[in-house]
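Trainee: The following block contains the structure, expressed as structure tokens.
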Amino acid sequence: MSGTDLARRITETSSAAAADIRQRTGTAPCLATVLVGDDPASVTYVRMKRSRCEKAGILSHHVALPSSVSTAGLVEIITALSTDPTVHGILLQHPVGKHIDERAAFEAIVPDKDVDGVTMHSFAAMSFGLPGFVSCTPGGIMRLLDEYGVDLAGKHAVVVGRSAILGKPVGMLLLGRDATVTYCHSRTVDLPSIVREADVLVAAVGRSRFIAGADIKPGAVVIDAGYNPGNVGDVDFETARHRAGLITPVPGGVGPMTIAVLLAQTVEAATRQLGLG
């Protein structure tokens, strides 16, 4: 399952919509990125997101903060961005440092600008099937499943991982499509036996080749949302691909979809805030 081609099409659509917004209002959609510290991986991710924004005709307003910034200081900056009418979406790159209350920082983002889908409001909207912005990686996964015509109704979906921005929300989105969802995590007893029952498997545990190919149910749909050193995912791709009906590669699967959804939701946020839809 290639996310590269679908992500390109989504980005092209977002770019056209951004150009239309600029032509109609004289204002371009704007995404504010907030980066705390200089973690190399985070710096790279933010640079890549800003580059994709610019190519899509979306303005990028970057706020770089020292690693010593306090929770109160970070919240103050995000609150200011939330009330700035020239900013339509806010992305707080995580992690932000152990001394910072990350949840408090996320909650300073107003729902209308939570284009990364990280607030409790957005999670609730996802869970209840209400309008709002989805977490970008789960949203990208759902679009990828739709692209490949995967019917989720009645399927047993197993999610390995329970993070607030990936595992938990993707499970709720799958449940909303009438899948029967099982969450697994580090304390799950006999994980392989549960994985073997999955019609749809979402691996989001953050451990290199954690899921063995031998444990994949023949014909299962495998979504590898992991990205580990060496450009490898959470699933042992080479052994799993011989058993899976559909499987995402790493890289080139879920990753491109995450950024594409971020751009699409930024344009959608601008559309709403400018009274265009």
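Ordered as shown in the structure tokens, chains take letters A, B, and onward, while each chain numbers its residues from 1 and ligands are numbered from 1 in the order shown.
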Taking the chain letters and numbering used in this document, name the residues of segment 76-248 of chain A that DSSP puts in strand (DSSP E), as an MDAnalysis selection string.
Mentor: chainID A and resid 89:92 156:160 180:184 200:203 221:224 246:247
Trainee: Using only C-alpha atoms, which protein or nucleic acid residues come within 7 Å of segment 136-141 of chain A? Drop anything in the same chain fewer than 2 positions from it, and give the result as a ChimeraX atom specification.
Mentor: /A:116-117,134,143-145,166,169-170,254,257-258,261-262
Trainee: Write the residues of the preceding selection, restricted to C-alpha atoms, as a PDB file, in the first residue's frame.
Mentor:
```pdb
ATOM      1  CA  ASP A 116      -2.571  18.105  14.170  1.00  0.00           C
ATOM      2  CA  GLY A 117      -5.500  16.657  16.137  1.00  0.00           C
ATOM      3  CA  VAL A 134      -8.337  14.110  13.305  1.00  0.00           C
ATOM      4  CA  ARG A 143      -7.568   7.579   3.925  1.00  0.00           C
ATOM      5  CA  LEU A 144      -5.102   4.914   2.855  1.00  0.00           C
ATOM      6  CA  LEU A 145      -7.540   2.142   3.808  1.00  0.00           C
ATOM      7  CA  LEU A 166      -1.710   7.474  17.242  1.00  0.00           C
ATOM      8  CA  PRO A 169      -7.308   7.714  18.081  1.00  0.00           C
ATOM      9  CA  VAL A 170      -6.809   5.226  15.240  1.00  0.00           C
ATOM     10  CA  VAL A 254       2.045   5.929   6.371  1.00  0.00           C
ATOM     11  CA  MET A 257       0.091  10.491   4.483  1.00  0.00           C
ATOM     12  CA  THR A 258       0.698  12.158   7.844  1.00  0.00           C
ATOM     13  CA  VAL A 261      -3.364  15.263   6.096  1.00  0.00           C
ATOM     14  CA  LEU A 262      -1.663  18.058   8.053  1.00  0.00           C
TER      15      LEU A 262
END
```
Trainee: With only C-alpha atoms as the counted atoms, please give the residues lying no more than 8 Å from segment 184-190 of chain A, apart from itself and same-chain residues fewer than 4 positions off, as a ChimeraX atom specification.
Mentor: /A:158-162,194,205
Trainee: Which residues come within 10 Å of segment 60-76 of chain A, counting only C-alpha atoms, excluding same-chain residues fewer than 6 positions away, as JSON, numbers by chain?
Mentor: {"A": [29, 30, 31, 32, 33, 34, 35, 36, 37, 38, 39, 43, 46, 47, 49, 50, 51, 52, 53, 54, 82, 86, 87, 89, 90, 91, 92, 96, 97, 99, 100, 101, 102, 103, 104, 105, 106, 107, 108, 109]}
Trainee: Given the choices A:Val150, A:Ala16, A:Leu191, A:Met120, which gets closest to Gly219 of chain A if the distance is worked out from only C-alpha atoms?
Mentor: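 Result for the nearest residue to Gly219 of chain A: A:Val150.
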Trainee: If we count only C-alpha atoms, what is near Glu147 of chain A at a cut-off of 10 Å, once residues fewer than 4 positions away on the same chain are taken out, given as a list in words?
Mentor: Met1, Ser2, Gly3, Leu6, Ile141, Met142 and Arg143 of chain A
Trainee: Per DSSP on the backbone, filter segment 27-243 of chain A down to the residues in helix (DSSP H, G or I) and report them as number ranges by chain.
Mentor: A: 40-55, 71-82, 102-107, 111-113, 120-128, 136-147, 167-176, 191-195, 213-215, 237-240
Trainee: For atom CA of Tyr148 of chain A and atom CA of Gly57 of chain A, determine how far apart the two atoms are, in Å to one decimal place.
Mentor: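 It comes out at 28.3 Å.
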Trainee: Would you please work out which residue, of A:Thr27, A:Ser208, A:Gln265, A:Thr182, is nearest to Val232 of chain A when using only C-alpha atoms?
Mentor: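 Smallest separation from Val232 of chain A among the options: A:Ser208.
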Trainee: Pick out the residues sitting within 6 Å of Val250 of chain A, and hand them over as a PyMOL selection string; count only C-alpha atoms, and ignore anything fewer than 2 positions along from it in its own chain.
Mentor: chain A and resi 232-233+252-253
Trainee: Okay, now the selection with C-alpha atoms, as a JSON list (two decimals), in the first residue's frame?
Mentor:
```json
[["chain", "number", "residue", "atom", "x", "y", "z"],
["A", 232, "VAL", "CA", 12.54, 0.24, 9.33],
["A", 233, "GLY", "CA", 9.08, -0.10, 10.78],
["A", 252, "GLY", "CA", 6.70, 5.32, 1.67],
["A", 253, "GLY", "CA", 3.59, 4.10, 3.44]]
```
Trainee: What gap, in Å, lies between atom CA of Val222 of chain A and atom CA of Leu174 of chain A?
Mentor: 13.7 Å
Trainee: Atom CA of Ala269 of chain A and atom CA of Ala28 of chain A are how many Å apart?
Mentor: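 Computing it gives 11.5 Å between the two atoms.
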Trainee: Please provide as a list in words all residues within 9 Å of Ala164 of chain A, with the sequence filter that same-chain residues fewer than 4 positions apart are discarded (counting only C-alpha atoms).
Mentor: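 Contacts, in chain order: Val118, Phe123, Lys168 and Pro169 of chain A.
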